[in-house]
Amino acid sequence: MGVRESMFVILTLVGCAAARDPGDAAPTSPPQPTTAATATMPASKSGGVDGDPLPGPPRIVIENHSKADISLYAGYLVDEEGKLGTMALWPHPSDCPAHEPKERLLPNSGTYDLAPPTHAFDEARCAPGRALPPGRYLVHIDSGYGADLYAGGEITLPLTEPVRLKMEAHDATPGCTPARAQRAARLVLAAAKEAGVADSALAGCDPTRAGCGTLPLPDDDAPPRTCAMTLHESLVRVRRPPRGDAPKEITAWLDRDLVFAQRADVSRSSSAELFLGPDRVVFEGLTQHHMHEHGGDAAQIGSMRVRVFNPSKRSLLVRPTAVDWLTDHGCGTPQESSPKPAITGYQPKALPPGTTELTVQFSPRPAYQAHCDVFASRVHLEVEGRDVSVTGEHEVTRVEPLHR
């Protein structure tokens, strides 16, 4: 299953106690089926919640600062730079049903011990994976009860002493630093490849150049000349230079500590550029949103919008010459379908200096969202006698009808 969003679990209130996992053990050679949770070592007997330094062997001690028992849902870690990627500490039952499930119960006001991580868990093989090299890591223990309630912190492997992590609610996102931005960029690039983005589309995207931004995302600046990556609190935005093909950008949310990335949102819109003398004119396809009722008529799509950045001091004559209708019914890259829509109009007829939105109308095409359908339109433009093409995605949402 890989990294996934938290799920709600039913919490049962019970008395305070210290817990340990009686069936897990640190992997040996050959490693045991799971590598994360300790279980051969006793629960800590002193240094309780917010207590003094913990005695005993090296381990991760999770302290419950919530007000209920918690069954630990998932555990992840990532190296400080993000070069190794996000790694699971134990399997999810739905991914590895043959793997013995273990209840990792963190009692109310109690503690739970995890063995020092030595290997990541390979969810593809449902077996222990690569050994973890020495270094600094970040750990994220998911409560399964919302994204804000988790235990997290930094550890150095191999552990030489017990480490305390607090299971508690978090309501603030740490500030952006170059190190955090670079780690987040690496994780999102990996998520983009997992979502099907080709390596060639990410050429030139260097995580070491990732910067910091703010929310909401700016939407009025021209596409960059080179790949630009920015961390906006816990959202990463990757903007590709205008090459004429999709995606023009990729975004993905991460957890607050930047340990794992959610599924990447890959735009099906594109951007392109023309050089008219010394002027770089940029065309950016805009994503439009449509909806229809479940079981009702399909959305009818009959126009697309292109944002144009004209840095020159004169208006540029523009004329659409053709429109392509693109579809895919399996979450893939939309492909051209026949027949071509007929162009029915466009505005404006000339592109003034500065930023302008060009709207192109065409004969409507039906778009019904059955499951994972993708729709887009591509316009071919003639600008001052030069040809350029740009694609705009049409996101279609199916909604449930309201009945009295």
# chains A, B, ... in the order shown; residues from 1 in each chain; ligands from 1

call {"tool": "select_by_dssp", "arguments": {"residues": "stretch 117-206 of chain A", "states": "strand (DSSP E or B)", "output": "PyMOL selection string"}}
result
chain A and resi 119-122+127-131+135-142+149-157+163-169

call {"tool": "residues_around", "arguments": {"residues": "A:Cys227", "least_positions_apart": "5", "cutoff": "9 Å", "atoms": "only C-alpha atoms", "output": "list of chain:residue names"}}
result
A:Leu202, A:Ala203, A:Gly204, A:Cys205, A:Asp206, A:Val238, A:Arg239, A:Arg240, A:Pro241

call {"tool": "closest_residue", "arguments": {"among": "A:Val399, A:Val308, A:Val188, A:Val197", "to": "A:Pro352", "atoms": "only C-alpha atoms"}}
result
A:Val308

call {"tool": "residues_around", "arguments": {"residues": "A:Pro97", "least_positions_apart": "3", "cutoff": "12 Å", "atoms": "only C-alpha atoms", "output": "list of chain:residue names"}}
result
A:Met1, A:Pro91, A:His92, A:Pro93, A:Ser94, A:Glu100, A:Pro101, A:Lys102, A:Glu123, A:Arg125, A:Cys126, A:Ala127

call {"tool": "closest_residue", "arguments": {"among": "A:Thr86, A:Thr173, A:Thr230, A:Ser271", "to": "A:Ala191", "atoms": "only C-alpha atoms"}}
result
A:Thr86

call {"tool": "closest_residue", "arguments": {"among": "A:Tyr346, A:Tyr73, A:Phe283, A:Tyr137", "to": "A:Asp257", "atoms": "only C-alpha atoms"}}
result
A:Tyr137

call {"tool": "residues_around", "arguments": {"residues": "A:Glu233", "least_positions_apart": "6", "cutoff": "7 Å", "atoms": "only C-alpha atoms", "output": "ChimeraX atom specification"}}
result
/A:173,175-176,214

call {"tool": "write_last_selection", "arguments": {"atoms": "C-alpha atoms", "output": "PDB file, in the first residue's frame"}}
result
ATOM      1  CA  THR A 173       3.811  23.028  10.998  1.00  0.00           C
ATOM      2  CA  GLY A 175       9.004  26.483   9.473  1.00  0.00           C
ATOM      3  CA  CYS A 176      10.658  25.944   6.132  1.00  0.00           C
ATOM      4  CA  THR A 214       3.835  30.374   1.345  1.00  0.00           C
TER       5      THR A 214
END

call {"tool": "decode", "arguments": {"residues": "stretch 332-363 of chain A", "atoms": "C-alpha atoms", "output": "PDB file, in the first residue's frame"}}
result
ATOM      1  CA  GLY A 332      -3.695   7.589 -17.587  1.00  0.00           C
ATOM      2  CA  THR A 333      -2.452  10.270 -19.929  1.00  0.00           C
ATOM      3  CA  PRO A 334      -5.372  11.422 -22.117  1.00  0.00           C
ATOM      4  CA  GLN A 335      -5.032  10.703 -25.821  1.00  0.00           C
ATOM      5  CA  GLU A 336      -6.617  12.358 -28.850  1.00  0.00           C
ATOM      6  CA  SER A 337     -10.034  11.069 -29.856  1.00  0.00           C
ATOM      7  CA  SER A 338     -11.940  11.651 -33.082  1.00  0.00           C
ATOM      8  CA  PRO A 339     -13.568  13.604 -34.518  1.00  0.00           C
ATOM      9  CA  LYS A 340     -11.916  16.919 -33.736  1.00  0.00           C
ATOM     10  CA  PRO A 341     -14.204  19.547 -32.222  1.00  0.00           C
ATOM     11  CA  ALA A 342     -15.031  22.490 -34.458  1.00  0.00           C
ATOM     12  CA  ILE A 343     -13.815  25.913 -33.325  1.00  0.00           C
ATOM     13  CA  THR A 344     -16.816  28.186 -32.753  1.00  0.00           C
ATOM     14  CA  GLY A 345     -15.115  31.343 -31.473  1.00  0.00           C
ATOM     15  CA  TYR A 346     -12.294  32.909 -29.495  1.00  0.00           C
ATOM     16  CA  GLN A 347     -11.444  36.044 -27.542  1.00  0.00           C
ATOM     17  CA  PRO A 348      -9.394  38.225 -27.697  1.00  0.00           C
ATOM     18  CA  LYS A 349      -8.233  38.480 -31.304  1.00  0.00           C
ATOM     19  CA  ALA A 350      -4.903  39.971 -30.244  1.00  0.00           C
ATOM     20  CA  LEU A 351      -2.775  39.451 -27.149  1.00  0.00           C
ATOM     21  CA  PRO A 352      -1.935  42.782 -25.489  1.00  0.00           C
ATOM     22  CA  PRO A 353       1.251  43.358 -23.488  1.00  0.00           C
ATOM     23  CA  GLY A 354       1.158  41.806 -20.040  1.00  0.00           C
ATOM     24  CA  THR A 355      -0.965  38.871 -18.854  1.00  0.00           C
ATOM     25  CA  THR A 356      -4.095  37.890 -20.778  1.00  0.00           C
ATOM     26  CA  GLU A 357      -6.528  34.965 -20.718  1.00  0.00           C
ATOM     27  CA  LEU A 358      -7.401  33.604 -24.140  1.00  0.00           C
ATOM     28  CA  THR A 359     -10.705  31.685 -24.330  1.00  0.00           C
ATOM     29  CA  VAL A 360     -11.327  29.294 -27.205  1.00  0.00           C
ATOM     30  CA  GLN A 361     -14.845  27.903 -27.788  1.00  0.00           C
ATOM     31  CA  PHE A 362     -15.489  24.638 -29.608  1.00  0.00           C
ATOM     32  CA  SER A 363     -18.378  22.255 -30.274  1.00  0.00           C
TER      33      SER A 363
END
